[in-house]
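Participant: Here you go, this is input-v9.csv (CSV, C-alpha atoms).
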```csv
chain,number,residue,atom,x,y,z
A,22,MET,CA,-11.5,1.3,-21.6
A,23,TYR,CA,-14.7,2.9,-22.8
A,24,LYS,CA,-16.9,2.6,-25.8
A,25,GLY,CA,-17.1,6.2,-26.9
A,26,ALA,CA,-17.0,9.2,-24.6
A,27,VAL,CA,-16.1,8.6,-21.0
A,28,ASP,CA,-19.1,8.2,-18.8
A,29,PRO,CA,-18.2,9.5,-15.3
A,30,ASN,CA,-20.3,6.7,-13.8
A,31,PHE,CA,-18.4,4.1,-15.8
A,32,ALA,CA,-21.5,3.0,-17.6
A,33,ASN,CA,-19.6,2.4,-20.9
A,34,GLN,CA,-16.3,1.1,-19.4
A,35,THR,CA,-15.5,-2.3,-20.9
A,36,HIS,CA,-12.1,-3.3,-19.4
A,37,ASP,CA,-10.6,-3.0,-15.9
A,38,TYR,CA,-7.7,-5.1,-15.0
A,39,ASN,CA,-6.9,-5.3,-11.3
A,40,PRO,CA,-5.6,-8.0,-8.8
A,41,GLY,CA,-8.7,-7.9,-6.7
A,42,LEU,CA,-8.9,-8.0,-2.9
A,43,SER,CA,-6.3,-9.8,-0.8
A,44,PRO,CA,-7.5,-12.2,1.8
A,45,SER,CA,-6.9,-9.5,4.4
A,46,GLY,CA,-8.9,-7.0,2.5
A,47,VAL,CA,-6.2,-4.9,0.9
A,48,LEU,CA,-7.5,-3.4,-2.3
A,49,TRP,CA,-5.8,-4.1,-5.7
A,50,THR,CA,-2.4,-4.6,-4.1
A,51,ILE,CA,0.0,-7.4,-4.6
A,52,PRO,CA,3.5,-8.2,-3.1
A,53,ASP,CA,6.4,-7.3,-5.4
A,54,LEU,CA,7.9,-10.8,-5.6
A,55,GLY,CA,10.0,-10.2,-8.6
A,56,ASN,CA,11.8,-7.2,-7.3
A,57,SER,CA,10.2,-5.2,-10.0
A,58,LEU,CA,10.2,-2.1,-7.9
A,59,SER,CA,13.3,0.1,-7.7
A,60,VAL,CA,13.2,3.1,-5.4
A,61,ASP,CA,16.1,5.6,-5.2
A,62,ALA,CA,14.9,7.9,-2.3
A,63,ARG,CA,18.1,10.0,-2.4
A,64,ASN,CA,17.5,11.0,-6.0
A,65,GLY,CA,13.8,11.0,-5.9
A,66,THR,CA,13.2,8.3,-8.5
A,67,ALA,CA,11.3,5.1,-8.7
A,68,SER,CA,10.4,2.6,-11.3
A,69,MET,CA,8.5,-0.7,-11.5
A,70,ARG,CA,8.3,-3.1,-14.4
A,71,ILE,CA,6.3,-6.2,-14.5
A,72,ASN,CA,5.8,-8.5,-17.5
A,73,ASN,CA,2.9,-10.9,-18.2
A,74,LEU,CA,1.3,-10.6,-14.8
A,75,PRO,CA,-1.8,-12.8,-14.7
A,76,MET,CA,-4.7,-10.6,-14.0
A,77,LEU,CA,-8.5,-10.6,-14.5
A,78,ASN,CA,-10.3,-8.2,-16.6
A,79,HIS,CA,-13.2,-7.2,-14.4
A,80,HIS,CA,-14.8,-5.1,-17.2
A,81,SER,CA,-15.5,-2.1,-15.1
A,82,ILE,CA,-14.8,-0.7,-11.7
A,83,PRO,CA,-18.5,-0.9,-10.6
A,84,ASN,CA,-18.6,-4.5,-11.7
A,85,VAL,CA,-15.6,-5.6,-9.5
A,86,LEU,CA,-16.7,-3.5,-6.5
A,87,ASN,CA,-20.1,-5.0,-6.7
A,88,GLY,CA,-18.9,-8.6,-6.6
A,89,ASP,CA,-18.4,-9.2,-10.3
A,90,PRO,CA,-21.9,-10.0,-11.4
A,91,ARG,CA,-20.4,-10.1,-14.9
A,92,SER,CA,-17.7,-12.8,-14.7
A,93,PRO,CA,-14.2,-11.6,-15.1
A,94,VAL,CA,-12.0,-12.8,-17.9
A,95,PRO,CA,-8.4,-14.0,-17.4
A,96,GLY,CA,-5.6,-12.1,-19.1
A,97,THR,CA,-2.1,-10.8,-18.6
A,98,VAL,CA,-0.8,-7.3,-18.0
A,99,SER,CA,2.7,-5.8,-18.5
A,100,PHE,CA,3.7,-2.4,-17.5
A,101,GLU,CA,6.5,0.0,-16.7
A,102,VAL,CA,6.0,3.1,-14.5
A,103,ARG,CA,8.6,5.7,-13.7
A,104,TRP,CA,8.4,8.4,-11.0
A,105,GLN,CA,10.6,11.4,-10.8
A,106,ALA,CA,10.1,13.8,-7.8
A,107,THR,CA,9.8,17.5,-8.4
A,108,PRO,CA,11.1,20.3,-6.1
A,109,LYS,CA,7.5,20.8,-4.8
A,110,SER,CA,7.6,19.3,-1.3
A,111,PHE,CA,4.9,19.1,1.3
A,112,SER,CA,4.3,17.5,4.7
A,113,VAL,CA,1.4,16.0,6.5
A,114,THR,CA,1.9,16.5,10.2
A,115,ASP,CA,-1.5,16.1,12.0
A,116,ALA,CA,-1.4,12.4,12.2
A,117,GLN,CA,-3.9,12.1,15.0
A,118,ALA,CA,-6.6,13.8,12.8
A,119,ARG,CA,-5.7,12.3,9.5
A,120,GLY,CA,-4.4,8.9,10.4
A,121,TYR,CA,-1.1,9.3,8.6
A,122,ALA,CA,1.9,11.7,8.4
A,123,GLY,CA,4.8,12.0,6.0
A,124,GLU,CA,7.1,14.0,3.9
A,125,PHE,CA,6.3,14.1,0.2
A,126,ASN,CA,7.2,15.6,-3.1
A,127,GLU,CA,5.0,16.1,-6.0
A,128,ALA,CA,6.3,14.0,-8.9
A,129,ASN,CA,6.1,13.3,-12.6
A,130,ALA,CA,5.3,9.9,-13.7
A,131,LEU,CA,5.2,8.0,-17.0
A,132,LEU,CA,3.5,4.7,-17.9
A,133,GLY,CA,3.6,2.3,-20.7
A,134,TRP,CA,1.6,-0.9,-20.6
A,135,SER,CA,-0.2,-3.6,-22.4
A,136,ALA,CA,-2.8,-6.2,-21.7
A,137,LYS,CA,-3.9,-9.3,-23.5
A,138,GLN,CA,-6.8,-11.7,-23.1
A,139,GLU,CA,-8.3,-14.3,-25.3
A,140,ASP,CA,-10.1,-12.0,-27.7
A,141,PHE,CA,-8.6,-8.6,-27.1
A,142,GLN,CA,-5.3,-6.9,-26.6
A,143,PHE,CA,-4.3,-3.3,-25.7
A,144,THR,CA,-0.9,-1.7,-26.3
A,145,SER,CA,-0.2,1.8,-25.1
A,146,ASP,CA,1.9,4.2,-27.1
A,147,LYS,CA,5.5,4.7,-26.0
A,148,LEU,CA,5.8,5.4,-22.3
A,149,GLU,CA,7.3,8.8,-23.1
A,150,THR,CA,4.1,9.9,-24.6
A,151,SER,CA,2.1,9.4,-21.4
A,152,SER,CA,1.4,12.3,-19.1
A,153,THR,CA,1.0,12.9,-15.4
A,154,PHE,CA,-2.3,13.9,-14.1
A,155,PHE,CA,-1.1,13.6,-10.5
A,156,ALA,CA,1.9,11.9,-8.9
A,157,MET,CA,3.7,12.0,-5.6
A,158,MET,CA,6.5,10.3,-3.8
A,159,GLY,CA,7.7,10.3,-0.2
A,160,HIS,CA,8.0,8.6,3.1
A,161,GLU,CA,4.9,8.1,5.2
A,162,ARG,CA,3.6,6.5,8.4
A,163,ASN,CA,0.1,5.5,9.0
A,164,GLY,CA,-2.0,3.6,11.5
A,165,ILE,CA,0.0,2.7,14.6
A,166,TYR,CA,3.2,4.1,13.1
A,167,ALA,CA,1.7,7.6,12.7
A,168,ALA,CA,-0.6,7.9,15.7
A,169,PRO,CA,0.1,5.3,18.3
A,170,PRO,CA,-2.8,4.7,20.7
A,171,SER,CA,-2.7,5.6,24.3
A,172,GLU,CA,-4.4,2.4,25.5
A,173,VAL,CA,-3.0,-0.9,24.1
A,174,PRO,CA,-4.4,-4.3,25.1
A,175,ILE,CA,-2.2,-7.3,24.5
A,176,ARG,CA,-3.6,-10.8,25.0
A,177,ILE,CA,-1.5,-13.7,26.3
A,178,THR,CA,-2.6,-17.0,24.9
A,179,ASP,CA,-1.1,-20.4,25.3
A,180,SER,CA,0.7,-19.9,22.0
A,181,GLY,CA,2.2,-16.4,22.7
A,182,PHE,CA,1.5,-12.7,22.9
A,183,ASP,CA,-1.1,-11.2,20.6
A,184,PRO,CA,-0.1,-9.0,19.0
A,185,PRO,CA,3.6,-9.8,19.2
A,186,ASP,CA,4.5,-6.3,18.1
A,187,ALA,CA,2.7,-3.4,19.6
A,188,ARG,CA,3.1,0.4,19.7
A,189,VAL,CA,1.8,2.8,22.4
A,190,ALA,CA,2.0,6.6,22.7
A,191,ILE,CA,4.4,8.1,25.2
A,192,GLY,CA,2.5,8.2,28.4
A,193,GLY,CA,0.2,5.4,27.2
A,194,THR,CA,-0.8,2.3,29.0
A,195,VAL,CA,-0.4,-1.3,28.0
A,196,THR,CA,-2.5,-4.0,29.6
A,197,TRP,CA,-1.5,-7.6,29.2
A,198,THR,CA,-4.3,-10.1,29.9
A,199,ASN,CA,-3.8,-13.8,30.2
A,200,ASP,CA,-6.5,-15.4,28.0
A,201,GLY,CA,-4.7,-18.8,28.1
A,202,SER,CA,-5.5,-21.8,30.1
A,203,THR,CA,-2.3,-21.9,32.1
A,204,VAL,CA,-0.1,-19.4,34.0
A,205,HIS,CA,1.9,-17.0,31.9
A,206,SER,CA,3.9,-13.9,32.7
A,207,VAL,CA,5.4,-10.7,31.2
A,208,ARG,CA,9.0,-10.1,31.8
A,209,GLU,CA,11.3,-7.6,30.1
A,210,ALA,CA,14.4,-8.8,28.3
A,211,PRO,CA,17.6,-8.5,30.4
A,212,GLY,CA,19.0,-5.0,30.4
A,213,THR,CA,15.9,-3.2,29.4
A,214,GLY,CA,15.6,-1.4,32.8
A,215,LEU,CA,11.9,-0.8,32.8
A,216,GLY,CA,11.0,-3.1,35.6
A,217,ILE,CA,8.5,-5.0,33.6
A,218,ASN,CA,7.8,-8.1,35.6
A,219,SER,CA,4.3,-9.3,36.1
A,220,GLY,CA,5.0,-12.4,38.0
A,221,GLY,CA,2.7,-15.3,37.3
A,222,LEU,CA,-0.7,-14.4,35.8
A,223,ALA,CA,-3.5,-16.9,36.0
A,224,HIS,CA,-6.2,-17.1,33.5
A,225,GLY,CA,-8.1,-13.8,33.4
A,226,GLN,CA,-5.5,-11.8,35.3
A,227,SER,CA,-4.1,-8.6,33.9
A,228,TYR,CA,-0.9,-6.6,34.2
A,229,LYS,CA,-0.9,-2.9,33.4
A,230,VAL,CA,2.1,-0.6,32.8
A,231,THR,CA,2.3,3.1,31.8
A,232,PHE,CA,5.2,4.0,29.6
A,233,THR,CA,6.8,7.4,29.7
A,234,ARG,CA,10.2,6.8,28.1
A,235,PRO,CA,10.3,6.5,24.3
A,236,GLY,CA,12.0,3.5,22.8
A,237,THR,CA,11.7,-0.1,21.6
A,238,TYR,CA,11.5,-2.7,24.3
A,239,PHE,CA,11.6,-6.5,24.2
A,240,TYR,CA,9.9,-8.9,26.5
A,241,THR,CA,8.8,-12.5,26.8
A,242,SER,CA,7.0,-14.8,29.2
A,243,GLU,CA,9.4,-15.8,32.0
A,244,VAL,CA,7.1,-18.7,33.0
A,245,ASN,CA,7.3,-20.3,29.5
A,246,CYS,CA,10.5,-19.1,28.0
A,247,LEU,CA,13.1,-18.2,30.6
A,248,ASN,CA,12.7,-21.1,32.9
A,249,GLY,CA,13.0,-23.7,30.2
A,250,ASN,CA,9.6,-25.3,30.8
A,251,ASN,CA,7.8,-24.6,27.6
A,252,PRO,CA,6.0,-27.8,26.8
A,253,ARG,CA,2.9,-26.3,25.3
A,254,GLY,CA,4.3,-24.5,22.2
A,255,PHE,CA,4.3,-21.0,23.5
A,256,ASN,CA,6.0,-18.7,21.0
A,257,CYS,CA,9.2,-17.7,22.8
A,258,ASP,CA,10.3,-15.3,20.1
A,259,VAL,CA,10.9,-12.0,21.9
A,260,ALA,CA,7.8,-9.7,21.7
A,261,THR,CA,8.3,-6.0,20.9
A,262,LEU,CA,6.8,-2.9,22.3
A,263,THR,CA,7.5,0.5,20.8
A,264,VAL,CA,6.8,3.6,22.9
A,265,GLY,CA,6.3,6.8,21.0
B,7,MET,CA,-4.7,-1.2,-13.4
B,8,HIS,CA,-7.6,1.0,-13.4
B,9,HIS,CA,-7.2,1.9,-17.0
B,10,HIS,CA,-10.1,4.2,-17.0
B,11,ALA,CA,-8.9,4.0,-20.6
B,12,PHE,CA,-10.8,6.8,-22.1
B,13,GLY,CA,-12.2,6.6,-25.6
B,14,PRO,CA,-11.2,9.1,-28.3
B,15,ALA,CA,-14.1,11.4,-27.4
B,16,ALA,CA,-13.1,11.8,-23.8
B,17,HIS,CA,-13.9,15.0,-22.0
B,18,ASP,CA,-11.3,17.5,-22.6
B,19,HIS,CA,-11.1,18.5,-19.0
B,20,LEU,CA,-10.0,15.0,-18.1
B,21,TRP,CA,-7.0,15.2,-20.4
B,22,GLN,CA,-3.7,16.9,-20.1
B,23,ARG,CA,-1.3,17.3,-22.9
B,24,PRO,CA,1.5,14.8,-22.8
B,25,VAL,CA,4.7,15.6,-21.0
B,26,THR,CA,7.5,15.5,-23.6
B,27,ARG,CA,10.8,13.8,-22.9
B,28,GLY,CA,12.5,17.2,-22.8
B,29,GLU,CA,10.0,18.5,-20.2
B,30,PHE,CA,10.4,15.4,-18.1
B,31,LEU,CA,14.1,15.6,-18.1
B,32,ARG,CA,14.1,19.3,-17.3
B,33,ILE,CA,11.8,18.7,-14.4
B,34,SER,CA,13.8,15.8,-13.3
B,35,ALA,CA,17.0,17.8,-13.2
B,36,GLY,CA,15.6,20.0,-10.4
B,37,ALA,CA,14.7,17.1,-8.2
B,38,VAL,CA,18.1,16.3,-6.8
B,39,ALA,CA,18.3,19.2,-4.5
B,40,LEU,CA,15.0,18.6,-2.8
B,41,THR,CA,15.5,14.9,-2.3
B,42,SER,CA,19.0,15.4,-0.8
B,43,SER,CA,17.3,17.0,2.2
B,44,GLY,CA,17.3,13.6,3.8
B,45,LEU,CA,13.6,13.7,4.6
B,46,TRP,CA,13.1,10.3,3.2
B,47,ALA,CA,14.5,7.4,5.1
B,48,ILE,CA,15.5,4.1,3.5
B,49,PRO,CA,13.4,1.2,4.5
B,50,GLY,CA,14.5,-2.3,5.3
B,51,ARG,CA,14.8,-5.3,3.1
B,52,VAL,CA,12.1,-6.4,0.8
B,53,LEU,CA,10.1,-9.6,0.6
B,54,ALA,CA,11.7,-12.6,-1.1
B,55,ALA,CA,8.5,-14.7,-1.1
B,56,ALA,CA,4.8,-14.1,-0.9
B,57,PRO,CA,3.7,-13.5,2.7
B,58,SER,CA,1.7,-16.2,4.3
B,59,PRO,CA,-1.9,-15.2,5.1
B,60,ALA,CA,-0.9,-14.3,8.6
B,61,LYS,CA,1.9,-12.1,7.4
B,62,GLU,CA,-0.1,-10.2,4.9
B,63,PRO,CA,-0.6,-6.5,5.4
B,64,ARG,CA,-3.8,-5.0,6.6
B,65,PRO,CA,-5.8,-2.5,4.6
B,66,VAL,CA,-5.5,1.2,5.3
B,67,SER,CA,-8.1,2.0,7.9
B,68,GLY,CA,-9.9,4.8,6.1
B,69,GLY,CA,-11.3,4.9,2.6
B,70,ILE,CA,-14.2,6.0,0.6
B,71,GLU,CA,-17.7,4.9,-0.3
B,72,PHE,CA,-17.9,4.1,-4.0
B,73,GLY,CA,-20.9,6.1,-4.9
B,74,PRO,CA,-23.9,6.8,-2.7
B,75,GLY,CA,-24.8,3.7,-0.9
B,76,GLY,CA,-22.0,1.8,-2.7
B,77,PRO,CA,-19.4,-0.5,-1.2
B,78,PHE,CA,-16.7,1.0,1.1
B,79,ILE,CA,-13.3,0.6,-0.3
B,80,HIS,CA,-10.1,1.0,1.8
B,81,ILE,CA,-8.3,3.4,-0.5
B,82,PHE,CA,-8.2,7.2,-1.1
B,83,PRO,CA,-7.9,8.8,-4.5
B,84,PRO,CA,-4.4,10.1,-5.0
B,85,ASP,CA,-4.2,13.7,-3.8
B,86,ARG,CA,-1.9,15.9,-1.7
B,87,ASP,CA,-4.5,15.7,1.1
B,88,ALA,CA,-5.0,11.9,1.1
B,89,ASP,CA,-3.0,8.9,2.3
B,90,PRO,CA,-1.5,7.4,-0.8
B,91,SER,CA,-0.9,4.0,0.8
B,92,SER,CA,-3.3,1.1,0.4
B,93,ILE,CA,-1.7,-0.7,3.4
B,94,GLY,CA,-2.4,0.2,7.0
B,95,ASP,CA,0.0,0.3,9.9
B,96,PHE,CA,2.7,1.1,7.4
B,97,ASP,CA,6.0,3.0,7.6
B,98,GLY,CA,8.0,3.4,4.5
B,99,LEU,CA,8.4,4.8,1.0
B,100,VAL,CA,5.4,5.4,-1.1
B,101,GLY,CA,4.6,6.6,-4.6
B,102,ALA,CA,1.3,7.2,-6.4
B,103,ALA,CA,0.6,8.2,-9.9
B,104,ILE,CA,-2.3,8.9,-12.1
B,105,VAL,CA,-1.0,8.7,-15.6
B,106,ARG,CA,-2.8,9.2,-18.8
B,107,GLY,CA,-1.9,8.3,-22.3
B,108,LYS,CA,-3.2,6.6,-25.4
B,109,GLY,CA,-2.9,3.3,-27.2
B,110,THR,CA,-4.4,0.8,-29.5
B,111,GLY,CA,-7.0,-1.8,-28.7
B,112,THR,CA,-7.3,-4.8,-31.0
B,113,ASP,CA,-10.2,-7.2,-31.3
B,114,LEU,CA,-8.2,-10.5,-31.9
B,115,THR,CA,-11.2,-12.1,-33.5
B,116,THR,CA,-11.9,-9.6,-36.2
B,117,GLY,CA,-8.5,-7.8,-36.2
B,118,LYS,CA,-10.3,-4.5,-35.9
B,119,THR,CA,-8.4,-1.8,-34.0
B,120,ASN,CA,-9.4,1.3,-32.0
B,121,ASP,CA,-7.5,4.2,-30.7
B,122,LEU,CA,-8.1,4.3,-26.9
B,123,LEU,CA,-7.0,6.6,-24.1
B,124,PHE,CA,-6.1,5.3,-20.7
B,125,ASP,CA,-6.0,6.8,-17.2
B,126,SER,CA,-4.3,4.5,-14.7
B,127,ASP,CA,-3.7,4.7,-10.9
B,128,MET,CA,-0.5,3.0,-10.0
B,129,ARG,CA,1.2,3.0,-6.6
B,130,PHE,CA,4.0,1.4,-4.6
B,131,MET,CA,4.7,0.9,-0.9
B,132,GLN,CA,8.1,-0.3,0.4
B,133,GLY,CA,8.9,-0.5,4.1
B,134,THR,CA,7.7,-1.9,7.4
B,135,TYR,CA,4.1,-2.9,8.1
B,136,ARG,CA,2.2,-4.6,10.8
B,137,ALA,CA,0.8,-7.9,9.5
B,138,VAL,CA,-2.5,-9.5,10.1
B,139,ASP,CA,-1.1,-11.5,13.0
B,140,GLY,CA,0.3,-8.4,14.6
B,141,SER,CA,3.9,-9.1,13.7
B,142,ARG,CA,6.2,-6.5,12.2
B,143,GLN,CA,7.2,-7.3,8.6
B,144,THR,CA,9.0,-5.6,5.8
B,145,GLY,CA,8.1,-5.8,2.1
B,146,SER,CA,7.4,-4.1,-1.2
B,147,PHE,CA,3.9,-3.9,-2.6
B,148,VAL,CA,2.4,-2.7,-5.8
B,149,PHE,CA,-1.1,-1.2,-6.2
B,150,ILE,CA,-2.3,-1.8,-9.7
```
Take the structure in this file and express it as structure tokens.
Facilitator:
Amino acid sequence: MYKGAVDPNFANQTHDYNPGLSPSGVLWTIPDLGNSLSVDARNGTASMRINNLPMLNHHSIPNVLNGDPRSPVPGTVSFEVRWQATPKSFSVTDAQARGYAGEFNEANALLGWSAKQEDFQFTSDKLETSSTFFAMMGHERNGIYAAPPSEVPIRITDSGFDPPDARVAIGGTVTWTNDGSTVHSVREAPGTGLGINSGGLAHGQSYKVTFTRPGTYFYTSEVNCLNGNNPRGFNCDVATLTVG
Amino acid sequence: MHHHAFGPAAHDHLWQRPVTRGEFLRISAGAVALTSSGLWAIPGRVLAAAPSPAKEPRPVSGGIEFGPGGPFIHIFPPDRDADPSSIGDFDGLVGAAIVRGKGTGTDLTTGKTNDLLFDSDMRFMQGTYRAVDGSRQTGSFVFI
């Protein structure tokens, strides 16, 4: 909210409620624990409604992005958002260049919301009176799901494979390296038919495979998990490798 | 909720007239045909509990610098040419909306009220993601 006319540099913004950064660094994003989100992909609609969500008023976007030199004030926020897809569809296909791909529709959206803190409250007019400046809906893939890398390193530690789920491009190469203190191995799950079998890998040894057949494959450490001698807490949940 | 909640004297070019209920329903009626194309897949189950730190999503890899020399934030402004997700290594349904409207702010100490305009960026993500620990997870997330 602003005192007077909007300053494009947020100089007169007085309120900005947001959930902050997650420990992993995701901006202003929280899990939907209350099943507040409802998405009907077939009909191109979505809605989310949350009531009395505790949230800090950071006063302004520059304030929060610069570490909150002005202390935030606790409050609560309630809101309802509705999306409705329009017939205007578009696709993003050049995932390698843009880092994501997807199929989308432009949308219309409506929002009604309120906020309350110790000395201030805001209540929007009815949701139906709001208007869309820009909205979209769709199905997207980004990161490894959009543009899988051609070279994938996977560490083997004494507690398991890191990462336990990996993705590599068709024709790409995966290199497993034993960074643990004891012997480990890489062995495909029975029936996979890829011939993945590193045999025992001592500390520092690697095993490299190039994958040309798309699919999702499962593997584990034979040394630790298939021979029944897993005294050191190696995670024997099957690891996953997706090709393509 | 980045209620860039604009005051009454907001720049006109930042404001669009409200979409009426009738307009919204008319537009909505045309949406069935396009979404029945099957382009959107249905994601998996959603989270029942908060993810542990190791199971949290990662930020989207790209982003913008907030002003010259300012902090880098892992998000793109909603646009046809920008990734709407705030989560990286993500495969699922996504929605983004910049919605504008008006409302009333009240000083609870004095009782004084002001007409205010808002401009909010709201998004959702529902689907599969690769967590901090490299595992594959499913969940729903809200960008506020």
Participant: Need to verify the contact set: stretch 175-180 of chain A, 9 Å, only C-alpha atoms, exclusion of same-chain residues closer than 2 positions in sequence. Can you return it as a VMD selection string?
Facilitator: chain A and resid 173 182 to 185 187 195 to 207 253 to 257
Participant: How many Å lie between atom CA of A:Arg119 and atom CA of B:Ser67, rounded to one decimal?
Facilitator: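 Atom CA of B:Ser67 lies at a distance of 10.7 Å from atom CA of A:Arg119.
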Participant: Would you compute the distance between atom CA of A:Asn30 and atom CA of B:Gly69? Give it in Å to one decimal.
Facilitator: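 Computed distance, atom CA of A:Asn30 to atom CA of B:Gly69, equals 18.8 Å.
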Participant: Please measure the separation of atom CA of A:Ala67 and atom CA of A:Trp104, giving the value in Å to one decimal.
Facilitator: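 Spanning atom CA of A:Ala67 to atom CA of A:Trp104 is a straight-line distance of 5.0 Å.
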Participant: Considering only C-alpha atoms, can you say which of A:Glu243, A:Asp115, A:Asp37, A:Asp258 comes closest to A:Phe143?
Facilitator: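 Smallest distance to A:Phe143 is found for A:Asp37.
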Participant: Would you please work out which residue, of A:Met76, A:Ile191, A:Ala260, A:Leu131, is nearest to B:Ile104 when using only C-alpha atoms?
Facilitator: A:Leu131
Participant: Using only C-alpha atoms, which residue out of B:Asn120, B:Gly101, B:Gln143, B:Ala137 lies closest to B:Val66?
Facilitator: B:Ala137
Participant: Rank nothing, just name the residue among A:Val244, A:Leu222, A:Ile217, A:Ala32 nearest to A:Pro83, using all atoms listed in the file.
Facilitator: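 For A:Pro83, the nearest of the given residues is A:Ala32.
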Participant: Find the spatial neighbours of A:Pro75, counting all atoms listed in the file, within a cut-off of 8 Å - ignore same-chain residues fewer than 6 positions away - and output them as a compact mmCIF listing (two decimals) with C-alpha atoms, in the frame of the given file.
Facilitator:
```
# COMPACT_ATOMS: atom_id res chain seq x y z
CA PRO A 95 -8.40 -14.00 -17.40
CA GLY A 96 -5.60 -12.10 -19.10
CA THR A 97 -2.10 -10.80 -18.60
CA VAL A 98 -0.80 -7.30 -18.00
```
Participant: Find, counting all atoms listed in the file, the residue in A:Gly214, A:Gly133, A:Gly221, A:Gly193 that gets nearest to chain B.
Facilitator: A:Gly133
Participant: If we count only C-alpha atoms and set the cut-off at 10 Å, which residues sit around A:Ala167, ignoring sequence neighbours fewer than 3 positions away in its own chain? Please answer as an mmCIF file with C-alpha atoms, keeping the file's coordinate frame.
Facilitator:
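Contents of result.cif, as written:
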```cif
data_model
loop_
_atom_site.group_PDB
_atom_site.id
_atom_site.type_symbol
_atom_site.label_atom_id
_atom_site.label_comp_id
_atom_site.auth_asym_id
_atom_site.auth_seq_id
_atom_site.Cartn_x
_atom_site.Cartn_y
_atom_site.Cartn_z
ATOM 1 C CA THR A 114 1.900 16.500 10.200
ATOM 2 C CA ASP A 115 -1.500 16.100 12.000
ATOM 3 C CA ALA A 116 -1.400 12.400 12.200
ATOM 4 C CA GLN A 117 -3.900 12.100 15.000
ATOM 5 C CA ARG A 119 -5.700 12.300 9.500
ATOM 6 C CA GLY A 120 -4.400 8.900 10.400
ATOM 7 C CA TYR A 121 -1.100 9.300 8.600
ATOM 8 C CA ALA A 122 1.900 11.700 8.400
ATOM 9 C CA GLY A 123 4.800 12.000 6.000
ATOM 10 C CA GLU A 161 4.900 8.100 5.200
ATOM 11 C CA ARG A 162 3.600 6.500 8.400
ATOM 12 C CA ASN A 163 0.100 5.500 9.000
ATOM 13 C CA GLY A 164 -2.000 3.600 11.500
ATOM 14 C CA PRO A 170 -2.800 4.700 20.700
ATOM 15 C CA GLY A 265 6.300 6.800 21.000
ATOM 16 C CA ASP B 95 0.000 0.300 9.900
ATOM 17 C CA PHE B 96 2.700 1.100 7.400
ATOM 18 C CA ASP B 97 6.000 3.000 7.600
#
```
Participant: Need the shell around A:Gly236: protein/DNA/RNA residues with any atom at most 9 Å away, counting all atoms listed in the file. Skip same-chain ones fewer than 4 positions apart. Format as an mmCIF file with C-alpha atoms, keeping the file's coordinate frame?
Facilitator:
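Below you can see part_5.cif, which holds the result:
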```
data_model
loop_
_atom_site.group_PDB
_atom_site.id
_atom_site.type_symbol
_atom_site.label_atom_id
_atom_site.label_comp_id
_atom_site.auth_asym_id
_atom_site.auth_seq_id
_atom_site.Cartn_x
_atom_site.Cartn_y
_atom_site.Cartn_z
ATOM 1 C CA LEU A 262 6.800 -2.900 22.300
ATOM 2 C CA THR A 263 7.500 0.500 20.800
ATOM 3 C CA VAL A 264 6.800 3.600 22.900
ATOM 4 C CA GLY A 265 6.300 6.800 21.000
#
```
Participant: Of the candidates A:Phe141, A:Tyr228, A:Phe31, A:Phe125, which one gets nearest to chain B if we count only C-alpha atoms?
Facilitator: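 Of the candidates, the smallest distance to chain B is held by A:Phe141.
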Participant: For stretch 47-50 of chain A, work out the shell of residues within 8 Å, counting only C-alpha atoms and skipping chain neighbours fewer than 2 positions away, then give it as a ChimeraX atom specification.
Facilitator: /A:39-45,52 /B:63-66,79-81,92-93,147-150
Participant: What would stretch 31-39 of chain A look like with N, CA and C atoms in place, written as a JSON list (two decimals), keeping the file's coordinate frame?
Facilitator:
```json
[["chain", "number", "residue", "atom", "x", "y", "z"],
["A", 31, "PHE", "N", -18.94, 5.34, -15.26],
["A", 31, "PHE", "CA", -18.40, 4.10, -15.80],
["A", 31, "PHE", "C", -19.35, 3.23, -16.56],
["A", 32, "ALA", "N", -20.45, 3.82, -16.99],
["A", 32, "ALA", "CA", -21.50, 3.00, -17.60],
["A", 32, "ALA", "C", -21.01, 2.36, -18.91],
["A", 33, "ASN", "N", -20.07, 3.00, -19.60],
["A", 33, "ASN", "CA", -19.60, 2.40, -20.90],
["A", 33, "ASN", "C", -18.16, 1.91, -20.77],
["A", 34, "GLN", "N", -17.68, 1.68, -19.55],
["A", 34, "GLN", "CA", -16.30, 1.10, -19.40],
["A", 34, "GLN", "C", -16.41, -0.38, -19.74],
["A", 35, "THR", "N", -15.45, -0.85, -20.48],
["A", 35, "THR", "CA", -15.50, -2.30, -20.90],
["A", 35, "THR", "C", -14.36, -3.10, -20.36],
["A", 36, "HIS", "N", -13.27, -2.49, -19.91],
["A", 36, "HIS", "CA", -12.10, -3.30, -19.40],
["A", 36, "HIS", "C", -11.61, -2.62, -18.11],
["A", 37, "ASP", "N", -11.33, -3.44, -17.13],
["A", 37, "ASP", "CA", -10.60, -3.00, -15.90],
["A", 37, "ASP", "C", -9.85, -4.13, -15.35],
["A", 38, "TYR", "N", -8.55, -4.07, -15.52],
["A", 38, "TYR", "CA", -7.70, -5.10, -15.00],
["A", 38, "TYR", "C", -7.21, -4.73, -13.60],
["A", 39, "ASN", "N", -7.41, -5.60, -12.63],
["A", 39, "ASN", "CA", -6.90, -5.30, -11.30],
["A", 39, "ASN", "C", -6.72, -6.67, -10.56]]
```
